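Below is one structure, written out as structure tokens, with a few remarks after it.
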Amino acid sequence: MKVNKLISSVMALGLVFSIAGCGGKKSNTPSTEGSMPASNGGSQATESQSADKFESQTSDDTLVIGTTEMNGDFIEGFTNSAYDIKVRNLMGIQGSVGYRTYQQNEEGEFVWNSAVLAEEPKTVENKDGSKTTTFKLKDDLKWSDGKPVTADDYLWKSLMTSNGDYNLVTGSIEIGNYSLKGYEDYRAGKNEVFEGIKKIDDHTFEATIDSSFLPYYEEESLKMFDPRPMHLEAPNLVIDVNKVAVKPDYKLTDDEKKAYIDSIDQQIENENKDFEANKKEAGGKVDDETQKKHDEKLAGLEERKKQAESGQGLDPTKLIFEQAMLYDTGTYRKNPSVTPGPYKFVEFKNNMVKLEKNDNYAGDFKGRKPSIPKIIVQAVNQKISIDLLANGDIDIWEEEMEGAKVDQMIADAKDGKIGGYLNYDRNGYGKLVFLNDRGATKYKEVRRAVAYLMDRNDFVQNFAGGYGVVTNGMYGSSQWMYKERGADLESKLTNYTLNVDQANKELDNSPYKFESDGKTAWDQEKAQKAYQDNPENFDYWRYDKDGKKLQVNQYGAQDSGITTLLNNQLPDNAKQAGMEYNVQAGNFTTLLDYLYYPKEDAEYTAFNMGSNFEVPYDPYFQFNSEGNDNTDRVNDPEADKLTVELRSVEPGNKEEYLDKWEAFNIWFNENLPEIPLYANKYYTGYSKRVKGFDTATPFWDATYEINNMKLK
């Protein structure tokens, strides 16, 4: 499925890129790795707080989950932080306690959701190699407003988010159900029906996985479908087998036509603003392709406006469909007033989300329902988070990774100041990410040299406090693959340690092997003498044959311990290899802008952050040239081949899958599209009044365990 071309075009239009949930299922979620990201007043408000001055929100009927800042995007496809996702999980908009057809259990295994489905889904293989699964819903499912949940709600979300107009109209990059038959034709507008889905009756629907997407090792992950409240978002639309249609007796009103025209005017205004901003950023001139895309989009919008104003050629279904898309991303995204999960939305204000128990919730796949009446998810100053936990000002603080704070949490539990803690090996790592298609970092020799110019063991000791290990591939110690083959794999990988001589050998094989004249060979002995004589004013850099200096600029989140550690090591060590390495600290949102929207001559091509791996583990999305989450901008035929082979193993063929997993990680270790800095443990603490918080794993956090918790 070639989805990256769509994403590239969406990004070129200046639309918002998602931090998490690309495609709804297959993205790794960046985090700030121990920093407090700045925002419009949020961090400033909490930064000045002490534990003594903190305004506690706890009460007898309210659980308070502490977190860092949220963006307030409660559907996939926008600037979703890991903290927005926690709120979505509690509301069941996504995750393992909502009404998803398949869920992940505590070990990350996919199980069918017996709380939602009347029977286990049945799958048949078709003559063309595709596979059709039939889902039969229970007939008493309800939304939080008491309205019934039906097959229409599941098909509505698929039809809406898989439609190409969803991105262009709303700015979302949610790409829908990309594995289903007929996806590309439906998305491109070549077919108004989505062949891969079919409504059977109000409580039964089918989904057909395209043969081109099979075999797929984690096939059951492709059978995860979530509902969206169609009665709220699109009350004048119906599902006609496998397409959207207006209700037979419905006629457009003048108000709806006006709203449609107004929305087009807004899109024109937004497009012009984005274009002018991009033009200004590019120095007052844009390339021909960008100008052409801008002109074509404006022409299309103007034509639609003329049709709406004249009433000729106006398609009522398209109009209402588009208005529903705008409602989904403009209203429901920020105020999900109807939800399927254990809790329903009350408000998001002052970096605090308030939720109330959903009495219409059917329960999770284990048959459990929540007992805690209210939940507050509140942004706090993470520097005092463990103090707030000990004071009882917050009830849960999750995924702590800084060694000193972990020590404090453990000591507080021992002294009875908190109720206890849970820990597990993280399914992810801290990392240094590179843009692989521009600047000096497009050369693997440069990336490998950077790895030889840092002491990663220092990160484990000074940041993680020893609660972590150094890794050399895209894996975490919690993964079943690592437990099965980790020892064998490690013996085949290069362990990058601080070694200036080896860094110089790498760079001697790169284009940067000359002095400033582009002809004279760069001399390591000269560099050592220049460094020893005057390290502060070192000026003996490497250059390529065109006289371009070897320079790498890194952007890291401010107040991040990892940014500080990298800044303490790399700029100085890199001088001894003739590399000018600079570290800039700033806002995490700005970091993501630099990463997702780089200029051709990007100022920054290295970024430090954290990433937790999704399940299933499928690096196709991140490292295949056609992957929709390929923010490292890798374009390597070998990576294309290996990522396709890994995902295409027949389900159940574990040994073949492990062989392919090893092969991919050997490529990763050789090419270093990003450098794993460390894989650590996560520690989650809870207050003395929390009972029943018994399980926490890389796949099961407090938002999933919520149905088992009680307040003392």
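Residue numbering restarts at 1 for every chain of the structure tokens, chains are lettered A, B, ... in their displayed order, and ligands are numbered from 1 as they appear.
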
Task: Which of range 282-496 of chain A fall in helix (DSSP H, G or I), as a PyMOL selection string - done: chain A and resi 288-310+316-332+382-391+403-414+440-442+444-451+456-462+480-490

- [ ] Tell me which protein, DNA and RNA residues are within 9 Å of Leu389 in chain A, counting only C-alpha atoms, leaving out same-chain ones fewer than 3 positions away, and put them as a list in words.
- [x] Gly66, Ile384, Ser385, Ile386, Gly392, Asp393, Ile394, Asp395, Ile396, Trp397, Met409, Lys417, Ile418, Gly685, Tyr686 and Ser687 of chain A

Open item on the list: Could you list, as an MDAnalysis selection string, every residue within 7 Å of range 459-474 of chain A, counting only C-alpha atoms and ignoring same-chain residues fewer than 3 positions away?
Closed with: chainID A and resid 401:404 456 493 495 561 665 668:669 676:681

Just write the chosen residues, all heavy atoms, as a short mmCIF file (atom, residue, chain, number, x, y, z; two decimals), in the first residue's frame.
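Okay, result-v3.cif is ready:
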```cif
data_model
loop_
_atom_site.label_atom_id
_atom_site.label_comp_id
_atom_site.auth_asym_id
_atom_site.auth_seq_id
_atom_site.Cartn_x
_atom_site.Cartn_y
_atom_site.Cartn_z
N MET A 401 11.29 7.74 34.52
CA MET A 401 12.50 7.10 34.00
C MET A 401 13.78 7.71 34.56
O MET A 401 14.85 7.13 34.40
CB MET A 401 12.52 7.18 32.47
CG MET A 401 12.61 8.59 31.93
SD MET A 401 12.56 8.65 30.12
CE MET A 401 10.80 8.52 29.86
N GLU A 402 13.69 8.88 35.19
CA GLU A 402 14.89 9.51 35.71
C GLU A 402 15.32 8.83 37.00
O GLU A 402 14.53 8.68 37.93
CB GLU A 402 14.65 11.00 35.94
CG GLU A 402 14.45 11.78 34.65
CD GLU A 402 14.41 13.27 34.89
OE1 GLU A 402 15.20 13.76 35.73
OE2 GLU A 402 13.58 13.95 34.26
N GLY A 403 16.59 8.46 37.05
CA GLY A 403 17.08 7.64 38.16
C GLY A 403 16.83 8.21 39.53
O GLY A 403 16.40 7.50 40.45
N ALA A 404 17.08 9.52 39.72
CA ALA A 404 16.92 10.13 41.04
C ALA A 404 15.47 10.09 41.49
O ALA A 404 15.17 9.83 42.67
CB ALA A 404 17.42 11.57 41.01
N ARG A 456 27.38 6.29 25.52
CA ARG A 456 25.98 6.00 25.82
C ARG A 456 25.81 5.39 27.20
O ARG A 456 24.76 5.52 27.83
CB ARG A 456 25.39 5.09 24.74
CG ARG A 456 25.33 5.77 23.37
CD ARG A 456 24.67 4.89 22.33
NE ARG A 456 25.43 3.67 22.11
CZ ARG A 456 24.89 2.52 21.68
NH1 ARG A 456 23.59 2.44 21.48
NH2 ARG A 456 25.64 1.46 21.48
N LEU A 493 25.88 -7.51 16.23
CA LEU A 493 25.75 -6.07 16.07
C LEU A 493 27.01 -5.34 16.54
O LEU A 493 27.73 -5.80 17.42
CB LEU A 493 24.56 -5.55 16.87
CG LEU A 493 23.19 -6.16 16.56
CD1 LEU A 493 22.12 -5.51 17.43
CD2 LEU A 493 22.84 -6.03 15.09
N ASN A 495 28.66 -2.64 18.70
CA ASN A 495 28.38 -1.91 19.93
C ASN A 495 29.15 -0.59 19.86
O ASN A 495 30.36 -0.55 20.04
CB ASN A 495 28.80 -2.71 21.15
CG ASN A 495 28.50 -1.98 22.45
OD1 ASN A 495 27.60 -1.15 22.50
ND2 ASN A 495 29.27 -2.28 23.48
N GLY A 561 17.22 16.20 30.40
CA GLY A 561 18.52 15.71 30.85
C GLY A 561 19.34 15.14 29.72
O GLY A 561 20.57 15.24 29.71
N ASN A 665 17.29 -5.72 12.06
CA ASN A 665 18.07 -5.02 13.07
C ASN A 665 19.55 -4.97 12.72
O ASN A 665 20.25 -4.03 13.12
CB ASN A 665 17.86 -5.66 14.45
CG ASN A 665 16.66 -5.08 15.15
OD1 ASN A 665 16.70 -3.95 15.63
ND2 ASN A 665 15.57 -5.85 15.20
N PHE A 668 19.65 -2.04 10.48
CA PHE A 668 19.48 -0.84 11.30
C PHE A 668 20.80 -0.47 11.98
O PHE A 668 21.23 0.68 11.98
CB PHE A 668 18.39 -1.09 12.34
CG PHE A 668 18.05 0.09 13.20
CD1 PHE A 668 16.94 0.86 12.93
CD2 PHE A 668 18.82 0.42 14.30
CE1 PHE A 668 16.60 1.95 13.73
CE2 PHE A 668 18.51 1.50 15.11
CZ PHE A 668 17.40 2.27 14.82
N ASN A 669 21.45 -1.46 12.57
CA ASN A 669 22.70 -1.25 13.29
C ASN A 669 23.82 -0.80 12.35
O ASN A 669 24.67 0.02 12.72
CB ASN A 669 23.08 -2.55 13.99
CG ASN A 669 24.41 -2.48 14.70
OD1 ASN A 669 25.41 -2.98 14.19
ND2 ASN A 669 24.44 -1.88 15.88
N PRO A 676 20.00 4.48 18.95
CA PRO A 676 19.40 4.17 20.25
C PRO A 676 20.36 4.63 21.35
O PRO A 676 21.54 4.30 21.32
CB PRO A 676 19.26 2.64 20.23
CG PRO A 676 19.48 2.23 18.81
CD PRO A 676 20.36 3.26 18.20
N LEU A 677 19.87 5.40 22.28
CA LEU A 677 20.72 5.89 23.36
C LEU A 677 20.67 4.97 24.58
O LEU A 677 21.69 4.72 25.21
CB LEU A 677 20.30 7.30 23.76
CG LEU A 677 20.39 8.35 22.64
CD1 LEU A 677 19.92 9.71 23.14
CD2 LEU A 677 21.81 8.45 22.10
N TYR A 678 19.49 4.48 24.90
CA TYR A 678 19.33 3.58 26.04
C TYR A 678 17.92 3.03 26.01
O TYR A 678 17.00 3.63 25.44
CB TYR A 678 19.56 4.32 27.37
CG TYR A 678 18.62 5.49 27.53
CD1 TYR A 678 17.36 5.32 28.07
CD2 TYR A 678 18.98 6.74 27.06
CE1 TYR A 678 16.47 6.37 28.15
CE2 TYR A 678 18.10 7.81 27.13
CZ TYR A 678 16.85 7.61 27.67
OH TYR A 678 15.97 8.65 27.74
N ALA A 679 17.74 1.87 26.60
CA ALA A 679 16.40 1.31 26.86
C ALA A 679 16.30 1.18 28.37
O ALA A 679 17.15 0.56 29.00
CB ALA A 679 16.23 -0.04 26.17
N ASN A 680 15.26 1.77 28.93
CA ASN A 680 15.18 1.86 30.38
C ASN A 680 13.95 1.15 30.93
O ASN A 680 13.11 0.65 30.19
CB ASN A 680 15.14 3.33 30.81
CG ASN A 680 14.04 4.09 30.09
OD1 ASN A 680 14.07 4.24 28.87
ND2 ASN A 680 13.06 4.56 30.84
N LYS A 681 13.87 1.13 32.24
CA LYS A 681 12.67 0.66 32.91
C LYS A 681 11.75 1.85 33.17
O LYS A 681 12.21 2.98 33.35
CB LYS A 681 13.01 -0.02 34.23
CG LYS A 681 13.60 -1.42 34.12
CD LYS A 681 13.84 -2.00 35.50
CE LYS A 681 14.33 -3.44 35.42
NZ LYS A 681 13.31 -4.36 34.90
#
```

- [ ] For range 353-367 of chain A, list every protein, DNA or RNA residue within 10 Å, evaluated using only C-alpha atoms, and leave out those in the same chain fewer than 6 positions away; present the list as a PyMOL selection string.
- [x] chain A and resi 62-65+70+72+84+87+90-92+96-105+111-117+138+140-148+338-347+373-379+704+707

- [ ] Write out as a PyMOL selection string each polymer residue whose atoms come within 9 Å of Lys181 in chain A, counting only C-alpha atoms; drop sequence neighbours fewer than 2 positions from it.
- [x] chain A and resi 130+178-179+183-184+194-197+207-212

Save the residues we just selected, C-alpha atoms, as a PDB file, in the first residue's frame?
```
ATOM      1  CA  SER A 130      -8.184 -11.673   0.222  1.00  0.00           C
ATOM      2  CA  TYR A 178      -5.357   1.124   4.528  1.00  0.00           C
ATOM      3  CA  SER A 179      -5.226  -2.689   4.467  1.00  0.00           C
ATOM      4  CA  TYR A 183      -8.805   1.320  -0.266  1.00  0.00           C
ATOM      5  CA  GLU A 184      -6.702   3.165  -2.843  1.00  0.00           C
ATOM      6  CA  PHE A 194     -15.347   1.183  -0.234  1.00  0.00           C
ATOM      7  CA  GLU A 195     -15.182  -2.386  -1.478  1.00  0.00           C
ATOM      8  CA  GLY A 196     -13.435  -3.691   1.652  1.00  0.00           C
ATOM      9  CA  ILE A 197     -16.354  -3.057   4.014  1.00  0.00           C
ATOM     10  CA  ALA A 207     -14.248  -6.269   6.455  1.00  0.00           C
ATOM     11  CA  THR A 208     -12.042  -7.693   3.692  1.00  0.00           C
ATOM     12  CA  ILE A 209      -8.244  -7.448   3.886  1.00  0.00           C
ATOM     13  CA  ASP A 210      -6.746  -7.019   0.431  1.00  0.00           C
ATOM     14  CA  SER A 211      -4.617  -9.876  -0.883  1.00  0.00           C
ATOM     15  CA  SER A 212      -1.717  -7.455  -1.462  1.00  0.00           C
TER      16      SER A 212
END
```

TODO: Write out as a PyMOL selection string all residues of range 382-412 of chain A that backbone DSSP assigns to strand (DSSP E).
DONE: chain A and resi 396-400

Open item on the list: Neighbouring residues of Val649 in chain A were defined as those with any atom within 9 Å, considering only C-alpha atoms; residues of the same chain fewer than 6 positions away were excluded. Please report them as a VMD selection string.
Closed with: chain A and resid 214 to 218 656 to 657 660

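Between CA of Leu298 in chain A and CA of Phe74 in chain A the interatomic distance comes to 29.6 Å.
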
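When the distance limit is 10 Å and only C-alpha atoms are what count, the residues near Ala602 in chain A, minus those fewer than 4 positions from it on the same chain, are Leu435, Arg438, Gly439, Asn553, Tyr594, Leu595, Tyr597 and Pro598 of chain A.
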